Structures are given as C-alpha cells and as structure tokens.
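Dropping coords.txt in here (compact mmCIF, C-alpha atoms):
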```
# COMPACT_ATOMS: atom_id res chain seq x y z
CA MET A 1 0.00 0.00 0.00
CA ASP A 2 1.16 3.54 -0.81
CA PRO A 3 2.45 5.29 2.37
CA ARG A 4 0.39 8.30 1.36
CA GLU A 5 -2.75 6.15 1.52
CA ILE A 6 -1.78 4.86 4.96
CA GLN A 7 -1.39 8.38 6.27
CA THR A 8 -4.64 9.50 4.68
CA GLU A 9 -6.54 6.64 6.27
CA ALA A 10 -4.99 7.35 9.64
CA ASN A 11 -6.03 10.98 9.52
CA SER A 12 -9.46 10.48 8.02
CA ASP A 13 -10.88 7.56 9.98
CA PRO A 14 -14.39 8.66 11.00
CA ASN A 15 -14.17 6.40 14.05
CA GLN A 16 -10.85 7.80 15.24
CA SER A 17 -10.36 8.28 18.98
CA THR A 18 -7.30 10.48 18.61
CA HIS A 19 -7.15 13.31 21.11
CA VAL A 20 -6.88 16.67 19.36
CA TYR A 21 -5.21 19.29 21.54
CA HIS A 22 -5.46 22.19 19.16
CA LEU A 23 -7.33 22.87 15.92
CA ALA A 24 -7.55 25.94 13.68
CA LEU A 25 -9.49 26.62 10.49
CA ASP A 26 -9.25 28.75 7.38
CA ILE A 27 -12.63 28.80 5.67
CA GLY A 28 -12.30 30.36 2.23
CA GLY A 29 -14.72 30.84 -0.62
CA SER A 30 -13.72 27.54 -2.25
CA LEU A 31 -12.10 25.39 0.44
CA ALA A 32 -12.10 24.94 4.20
CA LYS A 33 -8.63 24.07 5.51
CA LEU A 34 -7.84 22.53 8.89
CA VAL A 35 -4.58 22.34 10.82
CA TYR A 36 -4.78 20.31 14.02
CA PHE A 37 -2.40 18.72 16.53
CA THR A 38 -2.74 15.09 17.63
CA LYS A 39 -0.69 13.62 20.46
CA ASP A 40 1.34 10.46 19.87
CA ASP A 41 0.50 7.76 22.42
CA ASP A 42 0.46 9.15 25.97
CA HIS A 43 3.93 10.47 26.60
CA PHE A 44 5.63 13.83 26.99
CA VAL A 45 8.80 14.94 25.22
CA ASP A 46 11.86 13.83 27.16
CA GLY A 47 14.64 16.33 27.73
CA GLU A 48 18.22 16.06 28.84
CA GLU A 49 18.93 14.39 32.19
CA GLY A 50 15.35 13.21 32.43
CA LYS A 51 13.90 16.72 32.43
CA SER A 52 11.34 17.84 29.91
CA PRO A 53 12.13 20.78 27.59
CA ARG A 54 9.13 22.50 29.19
CA LYS A 55 10.93 22.88 32.53
CA ALA A 56 14.01 24.33 30.90
CA LEU A 57 11.89 26.73 28.89
CA GLU A 58 9.81 27.78 31.87
CA LYS A 59 12.91 28.73 33.78
CA SER A 60 14.11 31.02 31.01
CA LYS A 61 10.82 32.16 29.52
CA GLY A 62 8.48 32.18 32.49
CA ARG A 63 5.84 30.23 30.58
CA ARG A 64 2.89 28.83 32.48
CA ASN A 65 2.98 25.32 33.88
CA TYR A 66 1.85 23.43 30.78
CA PRO A 67 3.21 20.02 29.77
CA VAL A 68 4.90 19.56 26.42
CA LEU A 69 3.18 17.08 24.12
CA HIS A 70 4.86 15.23 21.28
CA GLY A 71 2.73 14.50 18.23
CA ARG A 72 1.82 15.68 14.76
CA LEU A 73 0.50 18.68 12.95
CA ASN A 74 -2.15 17.40 10.54
CA PHE A 75 -3.46 19.13 7.42
CA LYS A 76 -6.85 18.46 5.85
CA LYS A 77 -9.19 20.22 3.44
CA PHE A 78 -12.88 20.18 2.49
CA GLU A 79 -14.87 21.98 -0.18
CA THR A 80 -16.58 24.93 1.47
CA SER A 81 -19.78 24.04 -0.38
CA LYS A 82 -19.66 20.81 1.66
CA ILE A 83 -18.98 22.49 5.00
CA ASN A 84 -21.19 19.92 6.71
CA ASP A 85 -18.57 17.27 5.87
CA CYS A 86 -16.00 19.40 7.64
CA ILE A 87 -18.27 19.75 10.67
CA GLU A 88 -18.88 16.01 10.78
CA PHE A 89 -15.14 15.39 10.65
CA ILE A 90 -14.54 17.73 13.59
CA LYS A 91 -17.40 16.06 15.43
CA THR A 92 -15.50 12.76 15.40
CA MET A 93 -12.58 14.32 17.24
CA LYS A 94 -11.95 14.39 20.96
CA LEU A 95 -11.11 18.04 21.42
CA CYS A 96 -9.01 18.33 24.58
CA LEU A 97 -8.91 22.10 24.91
CA GLY A 98 -9.01 23.97 28.16
CA GLY A 99 -8.70 20.70 30.06
CA SER A 100 -12.04 19.33 28.91
CA GLN A 101 -13.16 16.97 26.20
CA GLN A 102 -15.95 18.30 24.06
CA GLN A 103 -17.75 15.04 23.34
CA GLU A 104 -17.39 13.63 26.85
CA ASN A 105 -18.56 16.81 28.54
CA PRO A 106 -21.37 18.19 26.39
CA GLY A 107 -22.51 20.52 29.16
CA SER A 108 -19.13 22.21 29.58
CA GLN A 109 -18.26 25.69 28.41
CA PRO A 110 -18.18 26.13 24.59
CA ILE A 111 -14.82 25.54 22.96
CA ALA A 112 -13.28 28.46 21.08
CA LEU A 113 -11.33 27.58 17.94
CA LYS A 114 -9.11 29.98 16.03
CA ALA A 115 -10.50 30.60 12.56
CA THR A 116 -9.80 32.89 9.63
CA GLY A 117 -11.21 33.52 6.17
CA GLY A 118 -14.62 34.82 5.14
CA GLY A 119 -16.28 31.57 6.15
CA ALA A 120 -15.33 32.21 9.77
CA TYR A 121 -18.03 34.90 9.67
CA VAL A 122 -20.48 33.16 7.34
CA TYR A 123 -20.58 29.90 9.32
CA THR A 124 -20.32 31.26 12.88
CA ASP A 125 -23.85 30.23 13.81
CA LEU A 126 -23.57 26.85 12.08
CA PHE A 127 -20.50 25.84 14.10
CA LYS A 128 -22.11 27.05 17.32
CA ASP A 129 -25.41 25.26 16.67
CA ARG A 130 -23.94 22.00 15.38
CA LEU A 131 -20.84 21.66 17.56
CA GLY A 132 -21.17 24.18 20.36
CA ILE A 133 -17.95 25.75 19.05
CA ILE A 134 -17.22 29.46 19.02
CA LEU A 135 -15.06 30.62 16.12
CA ASP A 136 -12.44 33.02 17.48
CA LYS A 137 -11.72 35.07 14.35
CA GLU A 138 -8.24 36.14 13.26
CA ASP A 139 -7.33 38.55 10.46
CA GLU A 140 -6.85 36.73 7.17
CA MET A 141 -3.74 38.59 5.98
CA ASP A 142 -2.10 38.29 9.40
CA CYS A 143 -2.64 34.54 9.28
CA LEU A 144 -1.39 34.12 5.71
CA VAL A 145 1.88 35.87 6.49
CA ALA A 146 2.37 34.21 9.89
CA GLY A 147 1.77 30.78 8.35
CA ALA A 148 4.17 31.39 5.46
CA ASN A 149 6.89 32.79 7.74
CA PHE A 150 6.61 29.84 10.11
CA LEU A 151 6.82 27.23 7.38
CA LEU A 152 9.73 28.95 5.64
CA GLU A 153 11.66 29.48 8.87
CA VAL A 154 11.14 26.08 10.49
CA VAL A 155 10.07 23.33 8.09
CA PRO A 156 12.89 21.81 6.00
CA GLN A 157 12.38 21.50 2.26
CA GLU A 158 9.29 23.68 2.40
CA ALA A 159 10.20 25.82 -0.61
CA PHE A 160 11.09 24.58 -4.08
CA THR A 161 11.36 25.73 -7.67
CA TYR A 162 9.74 23.99 -10.61
CA MET A 163 10.36 24.65 -14.30
CA GLY A 164 10.76 22.39 -17.30
CA ASP A 165 9.74 19.31 -15.27
CA GLN A 166 12.67 19.96 -12.92
CA LYS A 167 11.91 20.29 -9.22
CA GLN A 168 14.55 21.58 -6.85
CA PHE A 169 14.23 22.26 -3.13
CA VAL A 170 15.56 25.62 -1.97
CA GLN A 171 17.68 25.98 1.14
CA ILE A 172 16.37 29.09 2.88
CA ASP A 173 18.97 31.24 4.62
CA GLN A 174 17.05 32.68 7.58
CA ASN A 175 19.15 35.84 7.44
CA GLU A 176 18.15 36.45 3.84
CA LEU A 177 14.51 35.35 3.86
CA TYR A 178 13.11 38.88 4.04
CA PRO A 179 11.85 40.75 2.17
CA TYR A 180 9.87 38.58 -0.24
CA LEU A 181 6.63 38.70 -2.20
CA LEU A 182 3.92 36.27 -1.10
CA VAL A 183 1.35 35.56 -3.82
CA ASN A 184 -1.63 33.73 -2.39
CA ILE A 185 -3.85 32.29 -5.12
CA GLY A 186 -7.26 31.40 -3.76
CA SER A 187 -10.58 32.33 -5.32
CA GLY A 188 -8.90 35.68 -5.97
CA VAL A 189 -5.23 36.64 -5.67
CA SER A 190 -3.47 38.72 -3.01
CA MET A 191 0.12 39.92 -3.37
CA ILE A 192 1.85 40.75 -0.10
CA LYS A 193 5.26 42.28 0.50
CA VAL A 194 6.62 40.55 3.61
CA GLU A 195 9.44 42.18 5.56
CA GLY A 196 9.41 40.11 8.75
CA ASP A 197 7.19 38.71 11.50
CA GLY A 198 4.11 40.92 11.60
CA LYS A 199 5.63 43.31 9.06
CA PHE A 200 3.84 43.16 5.74
CA GLU A 201 1.80 45.15 3.24
CA ARG A 202 -0.73 44.00 0.68
CA VAL A 203 0.62 45.74 -2.40
CA SER A 204 -1.64 44.37 -5.13
CA GLY A 205 -3.95 41.60 -6.24
CA THR A 206 -6.21 40.45 -9.03
CA SER A 207 -9.72 39.08 -9.26
CA ILE A 208 -8.55 36.60 -11.89
CA GLY A 209 -7.63 33.58 -9.77
CA GLY A 210 -8.73 30.10 -8.78
CA GLY A 211 -12.38 31.11 -8.66
CA THR A 212 -12.10 32.37 -12.24
CA PHE A 213 -10.62 29.09 -13.40
CA TRP A 214 -13.27 27.03 -11.68
CA GLY A 215 -16.17 29.37 -12.54
CA LEU A 216 -15.40 29.72 -16.24
CA GLY A 217 -14.38 26.07 -16.43
CA LYS A 218 -17.70 25.01 -15.00
CA LEU A 219 -19.52 27.12 -17.59
CA LEU A 220 -17.44 25.90 -20.52
CA THR A 221 -17.08 22.21 -19.66
CA LYS A 222 -19.13 19.57 -17.90
CA CYS A 223 -16.70 19.26 -14.97
CA LYS A 224 -18.29 18.92 -11.55
CA SER A 225 -15.27 19.79 -9.39
CA PHE A 226 -12.11 21.86 -9.41
CA ASP A 227 -9.91 18.77 -9.36
CA GLU A 228 -11.81 17.24 -12.28
CA LEU A 229 -11.24 20.42 -14.29
CA LEU A 230 -7.56 20.45 -13.36
CA GLU A 231 -7.17 16.83 -14.43
CA LEU A 232 -8.99 17.58 -17.69
CA SER A 233 -6.58 20.44 -18.46
CA TYR A 234 -3.64 18.08 -18.14
CA ARG A 235 -4.88 16.13 -21.18
CA GLY A 236 -5.55 19.19 -23.31
CA ASN A 237 -3.71 21.17 -25.99
CA ASN A 238 -4.13 24.92 -25.66
CA ARG A 239 -2.83 25.47 -29.21
CA ALA A 240 -6.19 24.30 -30.50
CA VAL A 241 -7.82 27.30 -28.81
CA ASP A 242 -5.12 29.97 -28.38
CA MET A 243 -3.73 32.22 -31.10
CA LEU A 244 0.07 31.94 -31.19
CA VAL A 245 2.70 34.38 -32.40
CA GLY A 246 3.39 31.97 -35.25
CA ASP A 247 -0.24 32.14 -36.34
CA ILE A 248 0.19 35.88 -36.91
CA TYR A 249 3.65 35.79 -38.48
CA GLY A 250 3.32 32.79 -40.79
CA GLY A 251 4.88 30.32 -38.40
CA MET A 252 7.89 32.56 -37.73
CA ASP A 253 9.30 33.93 -34.50
CA TYR A 254 9.06 37.64 -33.79
CA SER A 255 12.71 37.61 -32.83
CA LYS A 256 13.15 41.39 -32.75
CA ILE A 257 11.16 41.59 -29.53
CA GLY A 258 12.07 38.15 -28.23
CA LEU A 259 8.82 36.30 -28.95
CA SER A 260 8.97 32.71 -30.17
CA SER A 261 6.44 31.38 -32.65
CA THR A 262 4.93 29.21 -29.91
CA ALA A 263 4.29 32.13 -27.52
CA ILE A 264 0.62 32.88 -26.91
CA ALA A 265 -0.43 36.06 -28.70
CA SER A 266 -4.07 35.87 -27.64
CA SER A 267 -5.66 33.45 -25.19
CA PHE A 268 -8.73 31.86 -26.81
CA GLY A 269 -7.88 34.01 -29.87
CA ARG A 270 -8.21 31.17 -32.35
CA ALA A 271 -11.92 30.93 -31.53
CA MET A 272 -12.61 34.36 -33.02
CA SER A 273 -11.47 33.29 -36.51
CA ASP A 274 -12.60 29.66 -36.50
CA ASN A 275 -16.12 29.07 -37.69
CA LYS A 276 -16.93 26.89 -34.70
CA ASP A 277 -19.20 26.86 -31.68
CA CYS A 278 -18.09 26.09 -28.15
CA LYS A 279 -19.27 22.49 -28.50
CA ASP A 280 -16.91 22.03 -31.45
CA TYR A 281 -13.85 22.47 -29.23
CA LYS A 282 -12.58 19.71 -26.97
CA PRO A 283 -13.26 20.48 -23.31
CA GLU A 284 -9.72 19.45 -22.36
CA ASP A 285 -8.30 22.04 -24.80
CA ILE A 286 -10.54 24.72 -23.33
CA ALA A 287 -9.50 23.77 -19.80
CA ARG A 288 -5.81 23.87 -20.77
CA SER A 289 -6.12 27.28 -22.41
CA LEU A 290 -8.01 28.63 -19.40
CA LEU A 291 -5.44 27.36 -16.92
CA ARG A 292 -2.57 28.76 -18.95
CA MET A 293 -4.25 32.14 -19.40
CA ILE A 294 -4.84 32.60 -15.67
CA SER A 295 -1.41 31.28 -14.64
CA ASN A 296 0.41 33.50 -17.13
CA ASN A 297 -1.54 36.53 -15.97
CA ILE A 298 -0.79 35.88 -12.31
CA GLY A 299 2.89 35.23 -13.04
CA GLN A 300 3.29 38.49 -14.96
CA ILE A 301 1.47 40.63 -12.39
CA SER A 302 3.48 39.01 -9.61
CA TYR A 303 6.78 39.86 -11.26
CA LEU A 304 5.71 43.45 -11.95
CA ASN A 305 4.94 43.90 -8.26
CA ALA A 306 8.22 42.28 -7.26
CA LEU A 307 9.95 44.71 -9.62
CA ARG A 308 8.24 47.66 -7.94
CA PHE A 309 9.90 46.82 -4.64
CA GLY A 310 13.14 45.26 -5.85
CA LEU A 311 12.18 41.76 -4.65
CA LYS A 312 13.99 38.82 -6.22
CA ARG A 313 12.04 35.99 -4.61
CA ILE A 314 8.36 35.30 -5.13
CA PHE A 315 6.62 32.58 -3.12
CA PHE A 316 3.36 31.26 -4.55
CA GLY A 317 0.78 29.72 -2.23
CA GLY A 318 -2.90 28.81 -2.28
CA PHE A 319 -4.82 25.71 -3.32
CA PHE A 320 -5.18 26.89 -6.91
CA ILE A 321 -1.71 25.47 -7.56
CA ARG A 322 -2.35 21.97 -6.19
CA ARG A 323 1.29 21.13 -7.03
CA HIS A 324 0.02 20.78 -10.57
CA PRO A 325 3.16 20.58 -12.77
CA PHE A 326 1.69 22.57 -15.64
CA THR A 327 0.46 25.36 -13.35
CA MET A 328 3.83 25.67 -11.60
CA ASP A 329 5.74 25.55 -14.86
CA THR A 330 3.55 28.27 -16.40
CA LEU A 331 3.98 30.56 -13.39
CA SER A 332 7.74 29.94 -13.39
CA VAL A 333 8.13 30.56 -17.12
CA ALA A 334 6.14 33.80 -16.85
CA VAL A 335 8.30 35.11 -13.99
CA ASN A 336 11.50 33.98 -15.73
CA PHE A 337 10.49 35.55 -19.05
CA TRP A 338 9.44 38.95 -17.76
CA SER A 339 12.36 39.21 -15.33
CA LYS A 340 14.87 37.97 -17.94
CA GLY A 341 15.94 35.31 -15.45
CA GLU A 342 16.57 37.70 -12.55
CA ALA A 343 13.59 36.65 -10.40
CA LYS A 344 12.51 33.18 -9.32
CA ALA A 345 9.08 31.70 -8.73
CA MET A 346 9.10 29.45 -5.69
CA PHE A 347 6.42 27.18 -4.35
CA LEU A 348 5.49 25.85 -0.92
CA ARG A 349 4.82 22.24 0.03
CA HIS A 350 1.95 23.33 2.29
CA GLU A 351 0.79 25.91 -0.22
CA GLY A 352 -2.91 25.77 0.65
CA PHE A 353 -2.60 25.84 4.43
CA LEU A 354 -0.89 29.18 5.05
CA GLY A 355 -3.96 30.83 6.57
CA ALA A 356 -4.89 27.82 8.69
CA MET A 357 -1.28 27.50 9.87
CA GLY A 358 -1.25 31.17 10.81
CA ALA A 359 -4.51 30.80 12.72
CA PHE A 360 -2.97 27.85 14.56
CA MET A 361 0.07 29.99 15.38
CA SER A 362 -2.13 32.80 16.71
CA SER A 363 -2.99 30.74 19.79
CA ASP A 364 -0.17 31.95 22.02
CA LYS A 365 -0.97 29.52 24.80
CA HIS A 366 0.38 26.63 22.72
CA GLY A 367 3.68 28.38 22.01
CA LEU A 368 4.36 26.31 18.88
CA LYS A 369 6.98 28.52 17.29
CA GLU A 370 8.71 29.36 20.56
CA LEU A 371 8.87 25.70 21.56
CA LEU A 372 10.14 24.52 18.19
CA VAL A 373 12.83 27.16 17.98
CA ASN A 374 14.01 26.61 21.54
CA GLN A 375 14.14 22.83 21.13
CA VAL A 376 16.14 23.29 17.94
CA VAL A 377 18.58 25.56 19.74
CA GLN A 378 18.96 23.02 22.55
CA ARG A 379 19.54 20.06 20.25
CA THR A 380 21.39 21.50 17.29
CA PRO A 381 22.27 24.94 15.92
CA ASN A 382 20.81 23.99 12.54
CA LYS A 383 17.04 24.39 12.46
CA LEU A 384 16.74 22.21 9.40
CA SER A 385 18.11 19.19 11.28
CA PHE A 386 15.22 19.07 13.73
CA ALA A 387 12.72 16.22 13.78
CA LEU A 388 10.47 18.09 11.37
CA ASP A 389 12.20 16.26 8.53
CA LYS A 390 9.91 13.34 9.36
CA ILE A 391 7.16 14.49 7.03
CA HIS A 392 4.54 12.00 5.95
CA GLY A 393 2.94 12.66 2.62
CA PRO A 394 3.77 13.26 -1.03
CA LEU A 395 6.93 15.15 -1.90
CA ASP A 396 5.92 15.01 -5.54
CA GLY A 397 2.52 15.24 -7.09
CA GLU A 398 -0.54 16.84 -5.55
CA LEU A 399 -0.78 17.59 -1.86
CA ASN A 400 -4.24 16.23 -1.24
CA GLY A 401 -4.63 17.82 2.16
CA ASP A 402 -3.94 14.72 4.26
CA GLU A 403 -0.42 15.18 5.54
CA SER A 404 1.29 15.52 8.91
CA ILE A 405 4.45 17.00 10.42
CA GLU A 406 6.06 15.63 13.56
CA CYS A 407 6.47 18.31 16.24
CA SER A 408 5.70 19.34 19.85
CA VAL A 409 3.38 21.89 21.43
CA TYR A 410 2.40 23.11 24.88
CA ALA A 411 -0.83 21.54 26.14
CA ALA A 412 -3.20 24.16 27.51
```
How does this structure look as structure tokens?
Amino acid sequence: MDPREIQTEANSDPNQSTHVYHLALDIGGSLAKLVYFTKDDDHFVDGEEGKSPRKALEKSKGRRNYPVLHGRLNFKKFETSKINDCIEFIKTMKLCLGGSQQQENPGSQPIALKATGGGAYVYTDLFKDRLGIILDKEDEMDCLVAGANFLLEVVPQEAFTYMGDQKQFVQIDQNELYPYLLVNIGSGVSMIKVEGDGKFERVSGTSIGGGTFWGLGKLLTKCKSFDELLELSYRGNNRAVDMLVGDIYGGMDYSKIGLSSTAIASSFGRAMSDNKDCKDYKPEDIARSLLRMISNNIGQISYLNALRFGLKRIFFGGFFIRRHPFTMDTLSVAVNFWSKGEAKAMFLRHEGFLGAMGAFMSSDKHGLKELLVNQVVQRTPNKLSFALDKIHGPLDGELNGDESIECSVYAA
C-alpha cells in the first residue's frame, strides 16, 4: 500500500479516537482548511537528564505550567460548499482544549477555535449550533503571512522551484529570507510584501484567480469539481484554442522583440477566426487554455509587483496550484520571461494551508513557534536538522490535504 494512503486513512478515519489538543481553520470561498495537533501515544517529550524541555523553557521564559506534548500537525481540506462534511469530521474528534473533552462533557463551556477567512463569519452560527464551538476570528492577511513565515523558517524542504519538469528544493537562509513577495492564489489573488514577522503590506492583487478558473471552467465544460477540471486540463492542448505568435507571423518567431512562434499572442484568440461553436472544441483544450491564461496573468502581475519593490524571490501559495506541474511551470516561465531570469518563482509544500497555519500559530498559549525554535537551539544549531524532517505525505505530485508533520506543542 502507498504510504500516502496509509497516512490519509490514519487521519481520516471517521471512528478515530485520537485526542486533538489544538485545531484551527481557514474557511475560504472555495475550500475549508484545517490544521490540528494530535498527540502520539500518551507520553511527553523527554529532555536532557530526564527533564522535559518544558521545565528548561519555563525557567528562562516564564511560561505557564503546561506540559509539552509530542505528536503531529495534521493538514486536511474540504470543499466549502460541503462544509457539513468538515463539521462532521470535527465532530469525530476528541477536542481536549481547556482541560475538557468536548464530546465527553457536552454541558461544559463552549470551545473556542481559532479561525480565519470569510467563512469564519459566514458559518459562525452553524459551528455554534452543530458543535457548540465558538469561532475566534483572526485577520486573514495576518494569518497568511504568519503561516508562510513559520513554514519557511522552520520546516525543512518547504520551498522549491519547478520549471521544465525539474523540481529543486531551496535551502532558505534565515538571514536572507526577508523581504519577499507572497502571492496567495485562492478564489482571488493577493500579493503581499513581507518584511518580517508581523511586518507586511498587501501591495496588489487580481480578481482573476482560482475562482475564475473554476467558474469559467464550470460554464465551458461539464466538470463537476475543481480537481476534475484540473485533471482535464492536463490532457488538453491549448494550441487548438489559443492564437500563437506563429499564427500571426506565418509560423515565424518575432525575434526582434524576443517572442517565439509558440508564444501565446491571444488566449482563446483562435476561436474568433474559427467558424466553430463552443461544442466544437474539446473540453480538455478549453481547460488547458483557461489554466494557462490565468497562470500567465498571475505570473506576470506578480513579477511586476516584485519589480516595484526590488524583490527577487516570489513565493506562490494557495490551493489553486495543487502542485500541478503545468500550473507551476507556467507561473515559473512567466516570472522567468518577464524578469529575464533575474527573479525566481518558488512554491510551498503546504501551499494551501498558510492561513490555517497562521490561525494555529495565533494561539499563544500553545507556544508552537517558541517551543520549536528553543528545542532546535537546545539540540542543534541547525534548524533544518530538527525532527520536522519526518514528514509523511507526497513530496511530488498533488498535496491532497492529508499530511502531517512531527512536532511538539504546549498543552493548555
């Protein structure tokens, strides 16, 4: 059996009895993302000379008397249109927050979960009525940046480049991480200049994003889901729909301005001269052209904003990407072309969970980042050598939302 399938089954078992000590949500227009911590077995993290890291940290940091739990950060997603599936999944969990278990003490005080995204407002009453849970709302941009910073600073092999079917992990020098441009591609696109922890500015964006791809794709094809449309695009040929430079110049390059004959001159442009109806075009070709049009547009706008602020590194996040090779390659080629090779498009392994990760981080009582950093300092001066390299899930292919990272948190 594929290890990825084993991990997915372990995380998704509706009859699971795993104790969840912290859970945070990012409910967007298209997807609801969860990040939650599950404790391994029933043991604490052992420290040097039989003392737990908690005691050493309390002495230097003055943190409250909470035990340190060893376990996993888990990542899972649901379609927002099927929010009831997400609620049912949470309902199966034993939420051990504030010293009580939700299911075993139904009469106890309501549990407050950190949440971000527009859905945190839309579904407030639903979560309260169905689960007795209060959604403690956090700012969406704050969470996106906090989640990206955490993953880039702590998780090894989080960032990578992808172009021409070549994937390469990027070693991030913590002293040179900032500033960078974070491009989060959800239903729409936000472009954020990040200068450090809590230091950022939304500098631009575009309404042409993942929602555009799915919305237009749904109108133009018979696809019933985003993933179905994405898979369809992989089998298509956009040249059957797009007008190329070669179509205008008799199959020749326009070398004077650096355009090859295969460059797209007009997305969907061939349709204006062909005497065909929509039904005469293959749906996979339409899907491919649509994906390429949106990805090229985002890549170009991203580079132009990076150019405004002299930023050389651009990190792309959001579930629009899905680690889809063609999407990543198109974004990378666009950035490389417009920057003449001076800027790089980089991608994140946990691309779709930045907001949920940031919401998780916003719960100070669990001290995740502080604990991780201090344990790294105690064990080794190299952050990237910490136990976080034990990541279960696909390194290549699509991140399906069922993945976990080994780590430790304070239990509160």
Can you check which parts of region 283-307 of chain A lie within 10 Å of region 179-203 of chain A? Per residue, the shortest pair of atoms and distance in Å to one decimal, counting only C-alpha atoms, sorted by chain and number, as JSON lines.
```
{"residue": "A:Ser295", "atom": "CA", "partner": "A:Ile185", "partner_atom": "CA", "distance": 9.9}
{"residue": "A:Ile298", "atom": "CA", "partner": "A:Val189", "partner_atom": "CA", "distance": 8.0}
{"residue": "A:Gly299", "atom": "CA", "partner": "A:Val183", "partner_atom": "CA", "distance": 9.4}
{"residue": "A:Ile301", "atom": "CA", "partner": "A:Met191", "partner_atom": "CA", "distance": 9.1}
{"residue": "A:Ser302", "atom": "CA", "partner": "A:Val183", "partner_atom": "CA", "distance": 7.1}
{"residue": "A:Tyr303", "atom": "CA", "partner": "A:Leu181", "partner_atom": "CA", "distance": 9.1}
{"residue": "A:Asn305", "atom": "CA", "partner": "A:Val203", "partner_atom": "CA", "distance": 7.5}
{"residue": "A:Ala306", "atom": "CA", "partner": "A:Leu181", "partner_atom": "CA", "distance": 6.4}
```
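One finds CA of Gly71 (chain A) at 21.4 Å from CA of Ala112 (chain A).
Distance-wise, CA of Thr161 (chain A) and CA of Lys344 (chain A) end up 7.7 Å apart.
For the residues A:Lys33, A:Lys256, A:Lys39, A:Arg130, ranking by smallest atom-to-atom distance to Ala356 (chain A) using all atoms listed in the file places A:Lys33 first.
In terms of minimum interatomic distance to Asn74 (chain A), A:Leu34 ranks closest within A:Ile90, A:Ile286, A:Val154, A:Leu34, counting only C-alpha atoms.
Distances here use only C-alpha atoms; by that measure, the residue among A:His19, A:Lys282, A:Arg292, A:Lys114 closest to Val333 (chain A) is A:Arg292.
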Next item on the list: Counting only C-alpha atoms, figure out which residue out of A:Ile111, A:Ile294, A:Leu348, A:Met272 gets nearest to Leu152 (chain A).
Entry: A:Leu348
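Reported to one decimal place, the separation of CA of Leu113 (chain A) from CA of Ile133 (chain A) is 7.0 Å.
Between Phe320 (chain A) and the residues A:Gly117, A:Met361, A:Gly352, A:Asp277, the shortest atom-to-atom distance, using all atoms listed in the file, involves A:Gly352.
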How would region 239-245 of chain A read, as a PDB file, in the coordinates of the input, once all heavy atoms are built in?
```
ATOM      1  N   ARG A 239      -3.060  24.934 -27.874  1.00  0.00           N
ATOM      2  CA  ARG A 239      -2.830  25.470 -29.210  1.00  0.00           C
ATOM      3  C   ARG A 239      -4.060  25.338 -30.101  1.00  0.00           C
ATOM      4  O   ARG A 239      -4.174  26.026 -31.124  1.00  0.00           O
ATOM      5  CB  ARG A 239      -1.647  24.753 -29.867  1.00  0.00           C
ATOM      6  CG  ARG A 239      -0.323  24.975 -29.130  1.00  0.00           C
ATOM      7  CD  ARG A 239       0.839  24.337 -29.867  1.00  0.00           C
ATOM      8  NE  ARG A 239       2.089  24.496 -29.133  1.00  0.00           N
ATOM      9  CZ  ARG A 239       3.275  24.174 -29.601  1.00  0.00           C
ATOM     10  NH1 ARG A 239       3.379  23.663 -30.819  1.00  0.00           N
ATOM     11  NH2 ARG A 239       4.366  24.352 -28.868  1.00  0.00           N
ATOM     12  N   ALA A 240      -4.953  24.458 -29.723  1.00  0.00           N
ATOM     13  CA  ALA A 240      -6.190  24.300 -30.500  1.00  0.00           C
ATOM     14  C   ALA A 240      -7.166  25.449 -30.247  1.00  0.00           C
ATOM     15  O   ALA A 240      -8.121  25.631 -31.006  1.00  0.00           O
ATOM     16  CB  ALA A 240      -6.860  22.973 -30.160  1.00  0.00           C
ATOM     17  N   VAL A 241      -6.907  26.228 -29.203  1.00  0.00           N
ATOM     18  CA  VAL A 241      -7.820  27.300 -28.810  1.00  0.00           C
ATOM     19  C   VAL A 241      -7.125  28.663 -28.846  1.00  0.00           C
ATOM     20  O   VAL A 241      -7.728  29.670 -29.220  1.00  0.00           O
ATOM     21  CB  VAL A 241      -8.368  27.041 -27.384  1.00  0.00           C
ATOM     22  CG1 VAL A 241      -9.336  28.143 -26.973  1.00  0.00           C
ATOM     23  CG2 VAL A 241      -9.050  25.682 -27.311  1.00  0.00           C
ATOM     24  N   ASP A 242      -5.843  28.700 -28.466  1.00  0.00           N
ATOM     25  CA  ASP A 242      -5.120  29.970 -28.380  1.00  0.00           C
ATOM     26  C   ASP A 242      -4.536  30.380 -29.725  1.00  0.00           C
ATOM     27  O   ASP A 242      -4.143  29.535 -30.544  1.00  0.00           O
ATOM     28  CB  ASP A 242      -3.965  29.854 -27.377  1.00  0.00           C
ATOM     29  CG  ASP A 242      -4.455  29.655 -25.955  1.00  0.00           C
ATOM     30  OD1 ASP A 242      -5.621  29.984 -25.677  1.00  0.00           O
ATOM     31  OD2 ASP A 242      -3.674  29.154 -25.119  1.00  0.00           O
ATOM     32  N   MET A 243      -4.436  31.689 -29.945  1.00  0.00           N
ATOM     33  CA  MET A 243      -3.730  32.220 -31.100  1.00  0.00           C
ATOM     34  C   MET A 243      -2.269  32.432 -30.714  1.00  0.00           C
ATOM     35  O   MET A 243      -1.984  33.124 -29.726  1.00  0.00           O
ATOM     36  CB  MET A 243      -4.339  33.542 -31.575  1.00  0.00           C
ATOM     37  CG  MET A 243      -3.643  34.141 -32.786  1.00  0.00           C
ATOM     38  SD  MET A 243      -4.384  35.710 -33.289  1.00  0.00           S
ATOM     39  CE  MET A 243      -5.958  35.103 -33.930  1.00  0.00           C
ATOM     40  N   LEU A 244      -1.343  31.844 -31.486  1.00  0.00           N
ATOM     41  CA  LEU A 244       0.070  31.940 -31.190  1.00  0.00           C
ATOM     42  C   LEU A 244       0.738  33.011 -32.046  1.00  0.00           C
ATOM     43  O   LEU A 244       0.184  33.454 -33.064  1.00  0.00           O
ATOM     44  CB  LEU A 244       0.746  30.588 -31.423  1.00  0.00           C
ATOM     45  CG  LEU A 244       0.110  29.365 -30.743  1.00  0.00           C
ATOM     46  CD1 LEU A 244       0.940  28.117 -31.036  1.00  0.00           C
ATOM     47  CD2 LEU A 244      -0.039  29.589 -29.246  1.00  0.00           C
ATOM     48  N   VAL A 245       1.933  33.408 -31.627  1.00  0.00           N
ATOM     49  CA  VAL A 245       2.700  34.380 -32.400  1.00  0.00           C
ATOM     50  C   VAL A 245       2.913  33.873 -33.825  1.00  0.00           C
ATOM     51  O   VAL A 245       2.809  34.619 -34.810  1.00  0.00           O
ATOM     52  CB  VAL A 245       4.047  34.674 -31.710  1.00  0.00           C
ATOM     53  CG1 VAL A 245       4.970  35.473 -32.639  1.00  0.00           C
ATOM     54  CG2 VAL A 245       3.826  35.427 -30.410  1.00  0.00           C
TER      55      VAL A 245
END
```
